[in-house]
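*Asks:* My questions will all concern the structure given below.
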Amino acid sequence: MAKIQAKSSSAVARLIFTEGERANTIFPLFLKQTLVGRIDSADLLLEDSTVSRLHAKLILEGKGEVYVEDLDSREGTWVNSVAVHGRVKLKDGDYIAFGDVVILFQAS
């Protein structure tokens, strides 16, 4: 189950679950860094065996720029089926895969 951040008018982007029991669940991004993983302290908690304890982080910079960075996860982080090495800038409509969990990125 994903932890859902409180909705905020300061969200610069959002993630939308597109499949499974969480389909259509929205996760707003407004923190400078959002940790993704299976560990309880993750901001975006993904309870899936293909997701590492600390899998990736989403970073907000500048005026609404959002980057994803893999944290040496076991199954990798992918943007539009391309493996993430280092930081990758996200664009509206990108699909991010954290292991087998695929989420739509939507810029505000």
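Simple scheme: letters A, B, ... for chains in structure tokens order, numbers from 1 for residues in each chain, numbers from 1 for ligands in the order shown.
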Which neighbours of Ile16 of chain A fall inside 9 Å, counting only C-alpha atoms, when residues of the same chain fewer than 5 positions from it are skipped, and could you give them as a compact mmCIF listing (two decimals) with N, CA, C and O atoms, in the first residue's frame?
*Replies:*
# COMPACT_ATOMS: atom_id res chain seq x y z
N ARG A 22 -4.57 -0.18 -6.53
CA ARG A 22 -4.33 1.26 -6.32
C ARG A 22 -4.60 2.10 -7.57
O ARG A 22 -4.29 3.28 -7.59
N ALA A 23 -5.15 1.49 -8.60
CA ALA A 23 -5.41 2.23 -9.84
C ALA A 23 -6.16 3.52 -9.53
O ALA A 23 -7.07 3.55 -8.70
N ASN A 24 -5.71 4.59 -10.16
CA ASN A 24 -6.28 5.94 -10.03
C ASN A 24 -5.93 6.63 -8.71
O ASN A 24 -6.40 7.74 -8.48
N THR A 25 -5.10 6.01 -7.87
CA THR A 25 -4.64 6.67 -6.66
C THR A 25 -3.61 7.73 -7.06
O THR A 25 -2.71 7.46 -7.85
N ILE A 26 -3.76 8.92 -6.51
CA ILE A 26 -2.87 10.04 -6.84
C ILE A 26 -1.95 10.32 -5.66
O ILE A 26 -2.39 10.40 -4.51
N PHE A 27 -0.67 10.48 -5.96
CA PHE A 27 0.34 10.81 -4.97
C PHE A 27 0.96 12.15 -5.37
O PHE A 27 1.76 12.22 -6.30
N PRO A 28 0.58 13.26 -4.70
CA PRO A 28 1.12 14.58 -5.06
C PRO A 28 2.58 14.73 -4.64
O PRO A 28 2.97 14.23 -3.58
N ILE A 103 4.12 3.60 -12.58
CA ILE A 103 3.34 4.77 -12.17
C ILE A 103 3.49 5.85 -13.25
O ILE A 103 4.57 6.07 -13.78
N LEU A 104 2.41 6.55 -13.53
CA LEU A 104 2.39 7.65 -14.49
C LEU A 104 2.82 8.94 -13.80
O LEU A 104 2.31 9.27 -12.72
N PHE A 105 3.74 9.68 -14.42
CA PHE A 105 4.16 10.99 -13.91
C PHE A 105 3.35 12.05 -14.64
O PHE A 105 3.26 12.05 -15.87
N GLN A 106 2.79 12.98 -13.88
CA GLN A 106 2.01 14.06 -14.47
C GLN A 106 2.48 15.39 -13.89
O GLN A 106 2.42 15.60 -12.68
*Asks:* Write out as number ranges by chain all residues of chain A that DSSP puts in strand (DSSP E or B) for this structure's backbone.
*Replies:* A: 13-17, 26-29, 33-37, 44-45, 56-61, 65-70, 77-79, 82-83, 87-89, 95-98, 101-107
*Asks:* Neighbours of Val66 of chain A within 10 Å (only C-alpha atoms; same-chain residues fewer than 3 positions away dropped), as a list in words?
*Replies:*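 Near Val66 of chain A, the qualifying residues are Val12, Ala13, Leu29, Lys32, Gln33, Leu58, Ile59, Leu60, Glu61, Gly62, Lys63, Arg87, Val88, Lys89, Leu90, Lys91, Asp92, Phe105 and Ala107 of chain A.
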*Asks:* Contacts of Gly76 of chain A at 9 Å or less, counting only C-alpha atoms, minus same-chain residues fewer than 5 places along, as a count of residues only?
*Replies:* 11
